[in-house]
Every structure is written in structure tokens, then in C-alpha cells.
Amino acid sequence: MNRKKKIVIALGGNALLRSDQDGTIEEQEKNTYDTLKNILYLIKEGHSIILTHGNGPQVGNILMRNDAGYSIYEIPQMPLDICVADSQGGIGYMIERQLRNILTEENIDKDIVTIITQVIVNKNDKAFNNPTKRVGKVYQKQEADKITKEKGWTFKPSPKIKDGWRRVVASPEPIDIFNIKTIDSISKNGAIVITAGGGGVPVYIDDENKIQPLEAVIDKDKASSLLASKIKADEFYILTDVPYVYIDYRQHNQKKLDFLNKTDALKYIEEGKFGEGNMAPKIKACLRFIENGGSKSVITEATKLQDKSYGTKITKEYED
């Protein structure tokens, strides 16, 4: 009989919204349902499941609605931390409802709880000196300059749209997560927990010991790795859009990796074998989990999760 494990599963952005889709709620709900069907076997095996998720497209849409509402009706714009919290609630609700539908179909009675999650960062994190995370709509240069003067926002050229400029914000390192004991307790009592959506709402503790927000975006995989380490999870899964980690991805010498240990992972990162803006952060997040006591991380595509012949297994040393 399989030992019951505590498993953190990070749902990638494509689990909710594909890059070639319009972003309708019908599309997102179907994607969510299809993705969650793939974790059903883990629930049936009795493991404790904690889900995290991305929010890139969704929070971008919220920010654009912010802009449209202000420019047309002068509705006050909400800051980025409120937009992240909005996305956590909306996406969490969608995941929770679709997962409940799946469990009902299987006659499984299990509570599902969504937690709006604040994640502590250092307000002096070096990331604030070089913001790189693009958020919101694309502006023309003149309009971007005007907004910079009015609001102090930082803009950088959009790599996808000629003469387009997008706001950039910092992506600081997550330090701690609020309500970690409660998250762990709820999971131990048999409920599925949805938490740390979009990397969590970035906050810091000021000199008066008060919680204050920051205009930033935390990397979802880093926050998920921290969460997994804090609750002493056994395994950490990252679901993305490829079934394996590859070195030299999409090059003539591309090679898939069934297994990856810490030594080789660090060597490949040093050699630039992984895409820095795509796979490298995921592997680093997995390594942090392993270094903090986790037994195994897996990076794979959602539909391949149950088939153990797929997925890159990341451990301290190679498995026997």
C-alpha cells in the first residue's frame, strides 16, 4: 500500500489559459477542468494535496480593466496588490468549483478551501532596483512617459509589439508566508487547499510592525517551493506546457531529461542550458525544495502526470 504523502502542485499559466485563446471564462473553465482531472488519481490514493496557481494573463486583464474604467468613467484605479488578491479569489473560485464537480462525478466527499495568501518580501530587495516583470496593457511611448510623470511607474519596450511600452514591476524573493500553520492544518484534516495564487500578494512589515503592500509580482514557482518547504511536503510538482525538462530546448541537439540531480542541474544552469526566462526558474524552485528537505520534485505537463514514464524527476542524487 502506498504511503500517504503531502504534495504541493503548482499549476502553470497554461493550466488555466492557453496562449492562443481569447481568455473567455468558458475557455478558462474547460482548461481548469481538464487539468484538474489529471490530479484525481493522487486524491484517490489518499495523499494530502495543496494547489497553487499562476495568474499572469488574469491579473493583466484586471489591470487593463483598471485602465479602461479610469479612462472612460474615472473609476479609481486599484493598486497591484489588490489586483493580485482579486485574481487569487477569482481563480481560486474557478479551481474550487471545477474540482468539486470532478469529485462529485467520482462520488468523493472532500472539502476544498481557497485562501487569499499574503507573502512577505524584503522592501529593499535588489529586484526593486531593476524591475523586469511586465504587467498590464501596451502603451505608446508618449503615453508611457506621461504616466511615468504622473504615477512614477517604470516602463520598458515590449518585445512582442513594435514601438509598444509596458509597465514593469519588481519580482522580489519570497521570505515567508502568512497562515502557513493553518494551511498545513487544513490539509492534514483532509481538505484540499488552494493557496499562494500568483505567487501571493507581496507585503512587508514596516518599522511600526504593520503589514504594508508593495507594487510587485512574486514568482509563482518560488512561492510554491517556499510553501512546500514550510509545510514539509514530501513532493513538489510543477505542471507546465512540456512533458519533460530539456537541455538546449528547441535546438538541433535538444535532449530530454528523465532524471536530474542537484549537481547536474547547477552545472546546466551555469552553462545556460535552460531558458532563463522559462525553465531555469522552475528548476531553481525545485532545487530549493530539495535543499530544504523535500524528497522529490517533478516538472511535467498536466496530462502526463499520472504516467510515470513522463516528467523530469529532480532529486539530490540520482535515484536507484
# chains A, B, ... in the order shown; residues from 1 in each chain; ligands from 1

$ select_by_dssp --residues "segment 98-261 of chain A" --states "strand (DSSP E)" --output "PyMOL selection string"
chain A and resi 112-114+118-120+133-140+154-157+164-169+176-177+192-194+201-205+211-213+235-240+245-247+255-257+259-261

$ write_last_selection --atoms "N, CA and C atoms" --output "compact mmCIF listing (two decimals), in the first residue's frame"
# COMPACT_ATOMS: atom_id res chain seq x y z
N ILE A 112 -12.89 21.64 -0.05
CA ILE A 112 -11.87 22.37 -0.81
C ILE A 112 -11.91 23.82 -0.30
N VAL A 113 -10.75 24.35 0.05
CA VAL A 113 -10.68 25.67 0.67
C VAL A 113 -9.72 26.55 -0.11
N THR A 114 -10.17 27.75 -0.48
CA THR A 114 -9.30 28.74 -1.14
C THR A 114 -8.88 29.80 -0.13
N GLN A 118 -1.01 36.20 1.60
CA GLN A 118 -0.01 37.26 1.58
C GLN A 118 1.37 36.64 1.80
N VAL A 119 2.33 37.11 1.02
CA VAL A 119 3.69 36.58 1.11
C VAL A 119 4.64 37.73 1.44
N ILE A 120 5.46 37.52 2.46
CA ILE A 120 6.37 38.57 2.91
C ILE A 120 7.62 38.63 2.03
N LYS A 133 9.38 42.52 -14.50
CA LYS A 133 8.14 41.78 -14.75
C LYS A 133 7.12 42.69 -15.44
N ARG A 134 6.78 42.35 -16.69
CA ARG A 134 5.84 43.17 -17.45
C ARG A 134 4.41 42.88 -17.02
N VAL A 135 3.63 43.94 -16.79
CA VAL A 135 2.24 43.80 -16.37
C VAL A 135 1.38 44.81 -17.12
N GLY A 136 0.10 44.49 -17.28
CA GLY A 136 -0.84 45.44 -17.85
C GLY A 136 -0.75 45.60 -19.35
N LYS A 137 -1.36 46.67 -19.83
CA LYS A 137 -1.52 46.90 -21.26
C LYS A 137 -0.26 47.49 -21.90
N VAL A 138 -0.29 47.54 -23.23
CA VAL A 138 0.80 48.14 -24.01
C VAL A 138 0.45 49.59 -24.31
N TYR A 139 1.40 50.50 -24.09
CA TYR A 139 1.21 51.92 -24.35
C TYR A 139 2.16 52.39 -25.44
N GLN A 140 1.82 53.50 -26.06
CA GLN A 140 2.76 54.19 -26.92
C GLN A 140 3.71 55.00 -26.05
N THR A 154 7.47 52.55 -13.96
CA THR A 154 8.60 52.28 -14.85
C THR A 154 8.12 51.50 -16.06
N PHE A 155 8.54 51.91 -17.25
CA PHE A 155 8.15 51.23 -18.49
C PHE A 155 9.40 50.73 -19.22
N LYS A 156 9.21 49.62 -19.95
CA LYS A 156 10.25 49.10 -20.83
C LYS A 156 9.60 48.69 -22.15
N PRO A 157 10.38 48.66 -23.22
CA PRO A 157 9.81 48.28 -24.52
C PRO A 157 9.22 46.87 -24.47
N GLY A 164 5.84 49.53 -28.79
CA GLY A 164 4.97 49.40 -27.62
C GLY A 164 5.77 49.38 -26.34
N TRP A 165 5.20 49.95 -25.28
CA TRP A 165 5.85 50.01 -23.98
C TRP A 165 4.91 49.45 -22.93
N ARG A 166 5.47 48.63 -22.01
CA ARG A 166 4.66 48.06 -20.94
C ARG A 166 5.28 48.40 -19.58
N ARG A 167 4.41 48.54 -18.62
CA ARG A 167 4.87 48.77 -17.25
C ARG A 167 5.63 47.54 -16.76
N VAL A 168 6.70 47.77 -16.01
CA VAL A 168 7.45 46.68 -15.39
C VAL A 168 7.48 46.90 -13.87
N VAL A 169 7.39 45.80 -13.14
CA VAL A 169 7.47 45.86 -11.68
C VAL A 169 8.50 44.85 -11.22
N ASP A 176 8.57 34.67 3.57
CA ASP A 176 7.69 33.91 4.46
C ASP A 176 6.26 34.02 3.97
N ILE A 177 5.39 33.15 4.47
CA ILE A 177 4.01 33.08 4.02
C ILE A 177 3.09 33.13 5.23
N ILE A 192 -8.60 19.82 0.54
CA ILE A 192 -7.67 20.28 -0.48
C ILE A 192 -7.58 21.80 -0.35
N VAL A 193 -6.37 22.31 -0.32
CA VAL A 193 -6.15 23.75 -0.12
C VAL A 193 -5.65 24.38 -1.41
N ILE A 194 -6.24 25.50 -1.80
CA ILE A 194 -5.79 26.32 -2.93
C ILE A 194 -5.20 27.59 -2.32
N VAL A 201 0.24 37.72 -2.57
CA VAL A 201 0.23 39.19 -2.56
C VAL A 201 1.49 39.66 -1.83
N PRO A 202 2.37 40.42 -2.50
CA PRO A 202 3.62 40.82 -1.85
C PRO A 202 3.40 41.91 -0.80
N VAL A 203 3.87 41.65 0.41
CA VAL A 203 3.76 42.61 1.51
C VAL A 203 5.07 42.65 2.28
N TYR A 204 5.23 43.68 3.11
CA TYR A 204 6.38 43.75 4.01
C TYR A 204 5.92 44.28 5.36
N ILE A 205 6.77 44.11 6.37
CA ILE A 205 6.48 44.60 7.71
C ILE A 205 7.25 45.90 7.93
N ILE A 211 1.63 45.61 8.45
CA ILE A 211 1.75 44.98 7.13
C ILE A 211 1.45 46.01 6.06
N GLN A 212 2.35 46.15 5.11
CA GLN A 212 2.18 47.13 4.04
C GLN A 212 2.35 46.44 2.68
N PRO A 213 1.59 46.89 1.66
CA PRO A 213 1.69 46.28 0.33
C PRO A 213 2.84 46.84 -0.48
N GLU A 235 6.61 15.88 -1.67
CA GLU A 235 6.89 16.06 -3.09
C GLU A 235 6.32 17.38 -3.58
N PHE A 236 6.96 17.91 -4.63
CA PHE A 236 6.59 19.20 -5.20
C PHE A 236 6.52 19.05 -6.71
N TYR A 237 5.34 19.30 -7.27
CA TYR A 237 5.12 19.16 -8.71
C TYR A 237 4.91 20.53 -9.35
N ILE A 238 5.54 20.75 -10.50
CA ILE A 238 5.27 21.93 -11.31
C ILE A 238 4.69 21.46 -12.64
N LEU A 239 3.45 21.85 -12.91
CA LEU A 239 2.80 21.48 -14.17
C LEU A 239 2.98 22.61 -15.16
N THR A 240 3.56 22.29 -16.31
CA THR A 240 3.85 23.31 -17.32
C THR A 240 3.35 22.82 -18.68
N VAL A 245 11.77 18.33 -18.85
CA VAL A 245 12.78 19.37 -18.93
C VAL A 245 13.76 18.95 -20.02
N TYR A 246 14.17 19.90 -20.84
CA TYR A 246 15.15 19.63 -21.90
C TYR A 246 16.36 20.53 -21.72
N ILE A 247 17.51 20.05 -22.10
CA ILE A 247 18.65 20.95 -22.26
C ILE A 247 18.73 21.29 -23.75
N LYS A 255 17.88 17.65 -25.80
CA LYS A 255 17.90 16.37 -25.10
C LYS A 255 16.97 16.42 -23.90
N LYS A 256 16.07 15.45 -23.81
CA LYS A 256 15.16 15.40 -22.67
C LYS A 256 15.87 14.78 -21.47
N LEU A 257 15.41 15.18 -20.27
CA LEU A 257 15.99 14.69 -19.04
C LEU A 257 14.91 13.96 -18.24
N PHE A 259 15.69 12.22 -15.46
CA PHE A 259 16.12 12.46 -14.09
C PHE A 259 17.15 13.58 -14.08
N LEU A 260 17.15 14.32 -12.97
CA LEU A 260 18.09 15.43 -12.84
C LEU A 260 18.47 15.55 -11.37
N ASN A 261 19.77 15.49 -11.08
CA ASN A 261 20.16 15.68 -9.69
C ASN A 261 20.71 17.10 -9.50

$ residues_around --residues "Lys188 of chain A" --least-positions-apart "6" --cutoff "10 Å" --atoms "only C-alpha atoms" --output "PDB file with C-alpha atoms, in the first residue's frame"
ATOM      1  CA  LYS A   6       1.865  15.645   1.383  1.00  0.00           C
ATOM      2  CA  HIS A  47      -2.493  11.997  -0.486  1.00  0.00           C
ATOM      3  CA  SER A  48      -2.817  15.489   1.005  1.00  0.00           C
ATOM      4  CA  ILE A  49      -2.996  17.969  -1.877  1.00  0.00           C
ATOM      5  CA  THR A 182      -3.458  26.969   9.131  1.00  0.00           C
TER       6      THR A 182
END

$ closest_atom_pairs --of "segment 105-212 of chain A" --to "segment 31-46 of chain A" --cutoff "12 Å" --atoms "only C-alpha atoms" --output "tab-separated table"
residue	atom	partner	partner_atom	distance
A:Glu105	CA	A:Lys37	CA	10.8
A:Glu106	CA	A:Leu40	CA	9.2
A:Asn107	CA	A:Lys44	CA	10.8
A:Ile108	CA	A:Lys44	CA	8.5
A:Asp109	CA	A:Ile43	CA	11.0
A:Lys110	CA	A:Ile43	CA	9.5
A:Asp111	CA	A:Ile43	CA	11.9
A:Ile112	CA	A:Ile43	CA	11.9
A:Ser187	CA	A:Gly46	CA	11.5
A:Lys188	CA	A:Gly46	CA	11.1
A:Asn189	CA	A:Gly46	CA	11.8
A:Gly190	CA	A:Gly46	CA	8.8
A:Ala191	CA	A:Ile43	CA	10.3
A:Ile192	CA	A:Ile43	CA	8.9

$ write_last_selection --atoms "N, CA and C atoms" --output "tab-separated table (two decimals), in the first residue's frame"
chain	number	residue	atom	x	y	z
A	105	GLU	N	-18.51	13.84	-9.50
A	105	GLU	CA	-18.63	12.79	-10.53
A	105	GLU	C	-18.06	11.46	-10.03
A	106	GLU	N	-17.06	11.55	-9.17
A	106	GLU	CA	-16.39	10.35	-8.66
A	106	GLU	C	-16.93	9.91	-7.30
A	107	ASN	N	-17.99	10.60	-6.83
A	107	ASN	CA	-18.58	10.29	-5.52
A	107	ASN	C	-17.56	10.41	-4.38
A	108	ILE	N	-16.72	11.43	-4.48
A	108	ILE	CA	-15.74	11.70	-3.43
A	108	ILE	C	-16.20	12.91	-2.63
A	109	ASP	N	-16.31	12.75	-1.33
A	109	ASP	CA	-16.73	13.84	-0.45
A	109	ASP	C	-15.50	14.43	0.23
A	110	LYS	N	-15.13	15.61	-0.19
A	110	LYS	CA	-13.92	16.24	0.35
A	110	LYS	C	-14.07	17.75	0.29
A	111	ASP	N	-13.71	18.43	1.36
A	111	ASP	CA	-13.75	19.89	1.38
A	111	ASP	C	-12.62	20.47	0.54
A	112	ILE	N	-12.89	21.64	-0.05
A	112	ILE	CA	-11.87	22.37	-0.81
A	112	ILE	C	-11.91	23.82	-0.30
A	187	SER	N	-4.96	21.03	5.47
A	187	SER	CA	-4.57	19.93	4.60
A	187	SER	C	-4.49	18.61	5.36
A	188	LYS	N	-3.91	18.64	6.57
A	188	LYS	CA	-3.79	17.43	7.38
A	188	LYS	C	-5.16	16.87	7.74
A	189	ASN	N	-6.16	17.76	7.86
A	189	ASN	CA	-7.51	17.33	8.23
A	189	ASN	C	-8.32	16.84	7.03
A	190	GLY	N	-7.68	16.73	5.86
A	190	GLY	CA	-8.32	16.07	4.73
A	190	GLY	C	-8.85	16.96	3.63
A	191	ALA	N	-8.80	18.28	3.81
A	191	ALA	CA	-9.29	19.19	2.77
A	191	ALA	C	-8.19	19.49	1.76
A	192	ILE	N	-8.60	19.82	0.54
A	192	ILE	CA	-7.67	20.28	-0.48
A	192	ILE	C	-7.58	21.80	-0.35

$ residues_around --residues "Glu271 of chain A" --least-positions-apart "4" --cutoff "12 Å" --atoms "only C-alpha atoms" --output "VMD selection string"
chain A and resid 247 to 248 264 to 267 275 to 276 280

$ select_by_dssp --residues "segment 90-138 of chain A" --states "alpha helix (DSSP H)" --output "ChimeraX atom specification"
/A:90-105

$ closest_residue --among "A:Asn101, A:Ser171, A:Thr195, A:Ser309" --to "Glu29 of chain A" --atoms "only C-alpha atoms"
A:Asn101

$ atom_distance --atom1 "atom CA of Glu270 of chain A" --atom2 "atom CA of Asp241 of chain A"
23.6 Å

$ residues_around --residues "Gly200 of chain A" --least-positions-apart "6" --cutoff "9 Å" --atoms "only C-alpha atoms" --output "list in words"
Val84, Ala85, Gln88, Ile116, Thr117, Gln118, Val119, Ile120, Pro174, Ile177, Val217, Ile218, Asp219, Lys220 and Ala223 of chain A

$ atom_distance --atom1 "atom CA of Val8 of chain A" --atom2 "atom CA of Ile102 of chain A"
19.0 Å

$ closest_residue --among "A:Asp221, A:Asp22, A:Asp163, A:Glu317" --to "Thr263 of chain A" --atoms "only C-alpha atoms"
A:Glu317

$ atom_distance --atom1 "atom CA of Lys149 of chain A" --atom2 "atom CA of Ile72 of chain A"
20.7 Å

$ closest_residue --among "A:Ala216, A:Val121, A:Ile161, A:Ile62" --to "Glu173 of chain A" --atoms "only C-alpha atoms"
A:Val121
